[in-house]
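Take a look at the structure set out below.
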Amino acid sequence: MSQKREFEEGKARLEGGSPEDKRRRFKSVVQEVMRLQTVKHFLEPVLEPLIRKVVKEEVELALGKHLTGIKWICEKEIHPLESRSLQLKFLNNLSLPVFTSARIEGDEGQALRVGLIDPSTGQIVSSGPASSAKLEIFVVEGDFDSYSGWTTEDIRNNIVRERQGKKPLVSGNIFVVLNDGIGVLDDISLTDNSSWTRSRKFRLGVRMVDQFDFVIVREAITESFVVRDHRGELYRKHHPPSLFDEVWRLEKIGKDGAFHKRLNWSNIITVKDFLTHFHLDSSKLRQILGTGMSSKMWEISVDHARSCVLDNSVHVYQPPGFQKKTAVVFNVVAQVLGLLVDFQYVPAEKLSEIEKAQAEEMVIAALSQPDQVISYDDESSMMRNFLNVPPSQSSVGIDYSGLSLTSLDGYGFLPNIRNTAEGSSGQYSDDVDMEVTPQGLYEDFDLWNCSHILGLEEPQSDLQSALDGFMSQKNVVVGKAHSKRWTKLFSVSKWLSVFKNVTVRKTLS
C-alpha cells in the first residue's frame with residue numbers, strides 16, 4: 001500500500017503539484033495580467049509620445065549627417081567623369097620673426113588660419129566631405145618655387161625633415177580638422193633653426209590627409225622665412241617700441257653693430273633719445289649714423305621709432321626776460337606742439353617756418369634748463385592753468401543761481417557770524433564760525449556785513465554774483481590775507497550746505 005501511495009504522490013507532482021500550488025500559480029498569473037493592463041491604460045499614453053519624439057529626433061539627426069554624403073554620391077553618379085579642383089590657402093600672414101620653440105602666430109598675434117578655396121569663385125568651400133577633412137602641417141625648403149604649378153611629387157621632394165638625432169621639426173598639433181572649410185593652426189612650433197638648410201629659410205605647408213574620389217586638393221605654402229634660435233629672441237625688435245627701449249630695438253640698427261656704437265658715442269641710448277635728436281636736428285642725427293645707412297634704411301628706422309606710443313603730457317618753457325607773452329609747448333620727445341603768444345595758443349601746423357625754427361631753438365634752451373620747464377598732464381590742463389582759462393562750471397561746484405541772502409528770512413535761520421567774525425579790535429578774525437542758530441534774523445545784520453566778509457566793495461543781493469566777484473578778483477593776496485579769504489569762502493559754502501539740508505527736511509515734513 002505504501003508503494004502505491006508514493007507512486008500516486010509522484011504522479012501528482014508530475015501533473016502540476018497539489019491543488020494549493022495550482023491556486024497560487026493561477027493567482028500570480030491573474031496579478032501579472034492585471035499589472036500589464038494597468039501599464040497599458042496608464043503608462044502607455046505618457047510613454048508613447050516621448051518615445052516617438054526621441055525616435056524622430058534621432059532619425060532626423062542621422063538623415064542630416066548623411067544628407068551631404070548622399071548629395072555628393074548623386075552628383076558623382078550624374079557626372080561620373082568630372083573631377084573637382086580645390087586648393088588650400090593661408091588666410092593670414094605669419095608674424096615675423098620666428099624663433100625655435102615659440103608658438104607660430106599670424107598677424108597681430110592671432111592664430112594662423114587656412115581655408116579650402118574654390119579657385120573658380122575664390123570662395124571658401126563650406127559644404128561637402130572635403131570641408132571637414134583632416135590636414136597635416138609640414139615644412140618645405142625656403143627656395144621652393146611656390147608660384148609655379150607644382151605637383152604633389154614636387155612637394156614631397158622638397159619636404160624638410162629633422163636632422164639626425166634631433167626632435168621632429170614640427171611640434172604641437174600637426175594635424176588640423178577643417179570646420180566649414182576653415183582650419184586653425186593654434187599650437188605649432190618649430191624645434192630647429194633654418195640655418196643648416198640650403199636656402200637657410202623654411203616655408204610652412206599644409207596638405208590634405210583624407211582622399212576623396214574625383215576631388216583634387218592643392219597644398220598651401222607660406223612665404224619663406226628665417227627661423228632663429230630662441231636665444232635670439234633676446235635681440236628681437238619691438239613693434240611698437242617703447243620710449244625706454246634701447247636704440248638697437250629699432251629696425252636696421254643691430255645690437256653692438258656699427259650704427260649702435262655710433263649712436264652710443266653720441267649719447268643716444270634709448271628710443272626716446274633717438275626721437276629727441278630727430279625732432280631737434282634730423283640732419284645731425286643722420287650724420288651721426290654715417291653714410292653706411294642708406295635712405296631706405298633711414299626711413300625704416302625713423303618710421304619704426306615714430307610708431308612709439310607717446311603719453312599726453314605737454315611741457316611749457318618761457319624764455320628768461322619774457323613775461324607771460326611768449327612760450328613754447330612741446331611733448332616728451334621735444335617735438336614742438338605750438339607757441340603761446342599774447343595769451344593765445346598757436347598749434348605747430350599754423351606756425352610759419354621762421355616761427356618753427358624759433359620754437360625749436362626755445363626747446364633746445366628748455367632742455368638745458370629743465371628746472372624752468374613746467375609740465376602738465378595734457379593740453380587742456382595746460383590751457384586751464386597756464387593761460388588761466390576759466391572752467392565752464394562754478395569752482396565751488398554748487399549752483400547758487402537764483403538764491404539770495406534775503407531768501408533765508410522766511411526760514412528763521414541766520415549764520416551767527418557777527419560775534420565770531422569780529423575781534424576785540426573791531427577787525428574780522430581769521431576763523432569764521434558759521435554756526436546756524438534757530439533764531440530770527442538779527443536786526444543789525446544786513447547785506448553789507450556779508451559783502452564785507454567776502455571782500456566786496458558794494459553789497460550784492462545775489463549770492464551767485466557775490467561768489468563770482470570773489471573768484472574773479474585778479475589781485476590775488478598771498479600769505480595770511482589769502483588764507484583768510486579762502487576761509488571766508490569755505491564758511492559761506494558750509495552755511496549754504498546747512499541751509500540746503502534744512503530746506504529739504506522742512507519740505508519733507
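Labels for the C-alpha cells follow display order: chains A, B, ..., residues from 1 in each chain, ligands from 1.
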Practice task
Using DSSP on the backbone coordinates, identify all residues within range 122-285 of chain A classified as strand (DSSP E); present the result as an MDAnalysis selection string.
Solution key: chainID A and resid 123:124 134:141 170:172 175:177 182:185 188:190 202:208 215:218 220:221 227:228
Exercise for the section: Would you mind listing what lies within 9 Å of range 100-109 of chain A as JSON, numbers by chain, with only C-alpha atoms counted and same-chain residues fewer than 6 positions away left out? Expected result: {"A": [92, 93, 94, 171, 172, 185, 186, 187, 188, 189, 190, 191, 192, 193, 227, 228, 229, 230, 231]}
Problem - Å distance separating CA of Leu178 in chain A from CA of Arg113 in chain A, one decimal place - result: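 Rounded to one decimal, the two atoms are 10.1 Å apart.
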Practice task
Apply DSSP to the backbone of this structure and, from range 184-413 of chain A, keep only the residues in helix (DSSP H, G or I); write these as a ChimeraX atom specification.
Solution key: /A:230-235,247-249,258-265,271-280,282-289,295-306,348-350,353-368,370-372,379-385,405-411
Practice task
Mind checking which residues fall within 10 Å of range 349-360 of chain A, counting only C-alpha atoms, ignoring those fewer than 6 positions away in the same chain, and posting them as JSON, numbers by chain?
Solution key: {"A": [279, 280, 281, 327, 328, 329, 330, 334, 335, 336, 337, 338, 339, 366]}
Restricting it to N, CA, C and O atoms, dump the selection as a short mmCIF file (atom, residue, chain, number, x, y, z; two decimals), in the first residue's frame.
```cif
data_model
loop_
_atom_site.label_atom_id
_atom_site.label_comp_id
_atom_site.auth_asym_id
_atom_site.auth_seq_id
_atom_site.Cartn_x
_atom_site.Cartn_y
_atom_site.Cartn_z
N HIS A 279 63.80 115.20 -33.76
CA HIS A 279 62.95 116.40 -33.81
C HIS A 279 63.77 117.68 -33.67
O HIS A 279 63.37 118.72 -34.20
N LEU A 280 64.89 117.62 -32.97
CA LEU A 280 65.70 118.82 -32.80
C LEU A 280 66.59 119.10 -34.01
O LEU A 280 66.71 120.24 -34.45
N ASP A 281 67.23 118.05 -34.53
CA ASP A 281 68.14 118.23 -35.67
C ASP A 281 68.29 116.90 -36.38
O ASP A 281 69.22 116.12 -36.11
N ALA A 327 55.88 131.63 -25.08
CA ALA A 327 56.37 130.37 -24.51
C ALA A 327 56.19 129.29 -25.57
O ALA A 327 55.35 129.39 -26.46
N VAL A 328 57.00 128.24 -25.46
CA VAL A 328 56.93 127.13 -26.40
C VAL A 328 56.32 125.92 -25.69
O VAL A 328 56.56 125.69 -24.50
N VAL A 329 55.53 125.18 -26.43
CA VAL A 329 54.88 123.97 -25.92
C VAL A 329 55.42 122.78 -26.71
O VAL A 329 55.40 122.79 -27.95
N PHE A 330 55.92 121.75 -26.00
CA PHE A 330 56.49 120.58 -26.67
C PHE A 330 56.15 119.32 -25.89
O PHE A 330 55.70 119.39 -24.73
N ALA A 334 60.54 116.23 -27.33
CA ALA A 334 60.98 117.54 -27.80
C ALA A 334 60.38 117.95 -29.14
O ALA A 334 60.93 118.78 -29.84
N GLN A 335 59.25 117.39 -29.48
CA GLN A 335 58.55 117.80 -30.69
C GLN A 335 57.70 119.04 -30.40
O GLN A 335 56.93 119.06 -29.44
N VAL A 336 57.88 120.08 -31.19
CA VAL A 336 57.15 121.33 -30.98
C VAL A 336 55.66 121.11 -31.26
O VAL A 336 55.28 120.65 -32.35
N LEU A 337 54.83 121.44 -30.28
CA LEU A 337 53.38 121.31 -30.44
C LEU A 337 52.72 122.65 -30.76
O LEU A 337 51.65 122.69 -31.35
N GLY A 338 53.38 123.75 -30.33
CA GLY A 338 52.80 125.06 -30.60
C GLY A 338 53.52 126.14 -29.82
O GLY A 338 54.48 125.89 -29.10
N LEU A 339 53.03 127.36 -29.98
CA LEU A 339 53.56 128.52 -29.27
C LEU A 339 52.44 129.22 -28.52
O LEU A 339 51.29 129.24 -28.97
N ALA A 366 65.24 124.95 -23.48
CA ALA A 366 64.47 124.35 -22.39
C ALA A 366 65.13 123.07 -21.89
O ALA A 366 65.15 122.80 -20.68
#
```
Practice task
Rank A:Glu32, A:Glu251, A:Asp256, A:Glu57 by their smallest atom-to-atom distance to Lys296 in chain A, using only C-alpha atoms, and report the top residue only.
Solution key: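 Under the stated criterion, the closest residue is A:Glu251.
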Exercise for the section: Identify, on the basis of only C-alpha atoms, every residue whose closest approach to Met297 in chain A does not exceed 10 Å; exclude the query and any residue fewer than 5 positions from it along the same chain; express the result as a list in words. Expected result: Glu251, Lys252, Ile253, Gly292, Val302 and Asp303 of chain A
Handout entry: Residue neighbourhood Asn331 in chain A, 9 Å, only C-alpha atoms, exclusion window fewer than 4 positions, as a VMD selection string
Key = chain A and resid 310 to 316 335 to 337
Serialized selection, all heavy atoms, as an mmCIF file, in the first residue's frame:
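Generated output (result_13.cif):
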```
data_model
loop_
_atom_site.group_PDB
_atom_site.id
_atom_site.type_symbol
_atom_site.label_atom_id
_atom_site.label_comp_id
_atom_site.auth_asym_id
_atom_site.auth_seq_id
_atom_site.Cartn_x
_atom_site.Cartn_y
_atom_site.Cartn_z
ATOM 1 N N LEU A 310 53.254 107.617 -27.428
ATOM 2 C CA LEU A 310 53.621 108.679 -26.502
ATOM 3 C C LEU A 310 52.466 108.975 -25.550
ATOM 4 O O LEU A 310 51.301 108.722 -25.868
ATOM 5 C CB LEU A 310 53.984 109.956 -27.272
ATOM 6 C CG LEU A 310 55.043 109.830 -28.376
ATOM 7 C CD1 LEU A 310 55.259 111.176 -29.056
ATOM 8 C CD2 LEU A 310 56.358 109.304 -27.819
ATOM 9 N N ASP A 311 52.808 109.508 -24.366
ATOM 10 C CA ASP A 311 51.756 109.914 -23.445
ATOM 11 C C ASP A 311 51.221 111.296 -23.838
ATOM 12 O O ASP A 311 51.701 111.919 -24.777
ATOM 13 C CB ASP A 311 52.268 109.916 -21.997
ATOM 14 C CG ASP A 311 53.498 110.811 -21.820
ATOM 15 O OD1 ASP A 311 53.662 111.753 -22.608
ATOM 16 O OD2 ASP A 311 54.297 110.546 -20.898
ATOM 17 N N ASN A 312 50.231 111.783 -23.085
ATOM 18 C CA ASN A 312 49.574 113.047 -23.417
ATOM 19 C C ASN A 312 50.208 114.257 -22.741
ATOM 20 O O ASN A 312 49.699 115.365 -22.871
ATOM 21 C CB ASN A 312 48.089 112.974 -23.037
ATOM 22 C CG ASN A 312 47.336 111.942 -23.848
ATOM 23 O OD1 ASN A 312 47.612 111.749 -25.027
ATOM 24 N ND2 ASN A 312 46.384 111.275 -23.221
ATOM 25 N N SER A 313 51.277 114.043 -21.995
ATOM 26 C CA SER A 313 51.874 115.145 -21.248
ATOM 27 C C SER A 313 52.466 116.190 -22.185
ATOM 28 O O SER A 313 52.969 115.868 -23.268
ATOM 29 C CB SER A 313 52.964 114.617 -20.314
ATOM 30 O OG SER A 313 54.019 114.036 -21.055
ATOM 31 N N VAL A 314 52.380 117.460 -21.772
ATOM 32 C CA VAL A 314 52.963 118.579 -22.523
ATOM 33 C C VAL A 314 53.834 119.378 -21.574
ATOM 34 O O VAL A 314 53.625 119.390 -20.349
ATOM 35 C CB VAL A 314 51.872 119.470 -23.146
ATOM 36 C CG1 VAL A 314 51.073 118.713 -24.163
ATOM 37 C CG2 VAL A 314 50.960 120.057 -22.075
ATOM 38 N N HIS A 315 54.808 120.073 -22.142
ATOM 39 C CA HIS A 315 55.758 120.850 -21.353
ATOM 40 C C HIS A 315 55.824 122.266 -21.924
ATOM 41 O O HIS A 315 55.807 122.456 -23.146
ATOM 42 C CB HIS A 315 57.135 120.181 -21.383
ATOM 43 C CG HIS A 315 57.087 118.721 -21.059
ATOM 44 N ND1 HIS A 315 57.066 118.237 -19.774
ATOM 45 C CD2 HIS A 315 57.033 117.627 -21.869
ATOM 46 C CE1 HIS A 315 57.013 116.926 -19.789
ATOM 47 N NE2 HIS A 315 56.985 116.524 -21.051
ATOM 48 N N VAL A 316 55.904 123.238 -21.031
ATOM 49 C CA VAL A 316 55.908 124.650 -21.410
ATOM 50 C C VAL A 316 57.193 125.290 -20.892
ATOM 51 O O VAL A 316 57.567 125.105 -19.728
ATOM 52 C CB VAL A 316 54.679 125.384 -20.839
ATOM 53 C CG1 VAL A 316 54.713 126.855 -21.220
ATOM 54 C CG2 VAL A 316 53.395 124.731 -21.345
ATOM 55 N N GLN A 335 59.247 117.394 -29.481
ATOM 56 C CA GLN A 335 58.551 117.805 -30.693
ATOM 57 C C GLN A 335 57.701 119.035 -30.397
ATOM 58 O O GLN A 335 56.926 119.058 -29.438
ATOM 59 C CB GLN A 335 57.656 116.677 -31.211
ATOM 60 C CG GLN A 335 56.921 117.020 -32.490
ATOM 61 C CD GLN A 335 56.013 115.898 -32.948
ATOM 62 O OE1 GLN A 335 55.792 114.916 -32.216
ATOM 63 N NE2 GLN A 335 55.478 116.011 -34.140
ATOM 64 N N VAL A 336 57.882 120.085 -31.190
ATOM 65 C CA VAL A 336 57.149 121.327 -30.979
ATOM 66 C C VAL A 336 55.664 121.106 -31.263
ATOM 67 O O VAL A 336 55.283 120.651 -32.350
ATOM 68 C CB VAL A 336 57.706 122.462 -31.871
ATOM 69 C CG1 VAL A 336 56.857 123.714 -31.728
ATOM 70 C CG2 VAL A 336 59.154 122.758 -31.514
ATOM 71 N N LEU A 337 54.825 121.441 -30.281
ATOM 72 C CA LEU A 337 53.376 121.315 -30.443
ATOM 73 C C LEU A 337 52.724 122.650 -30.756
ATOM 74 O O LEU A 337 51.651 122.686 -31.350
ATOM 75 C CB LEU A 337 52.758 120.719 -29.179
ATOM 76 C CG LEU A 337 53.259 119.334 -28.766
ATOM 77 C CD1 LEU A 337 52.568 118.885 -27.477
ATOM 78 C CD2 LEU A 337 53.036 118.314 -29.869
#
```
Practice task
Go through A:Leu275, A:Gly290, A:Ile268, A:Arg156 and flag the residue nearest Ser242 in chain A, using only C-alpha atoms for the distances.
Solution key: A:Leu275
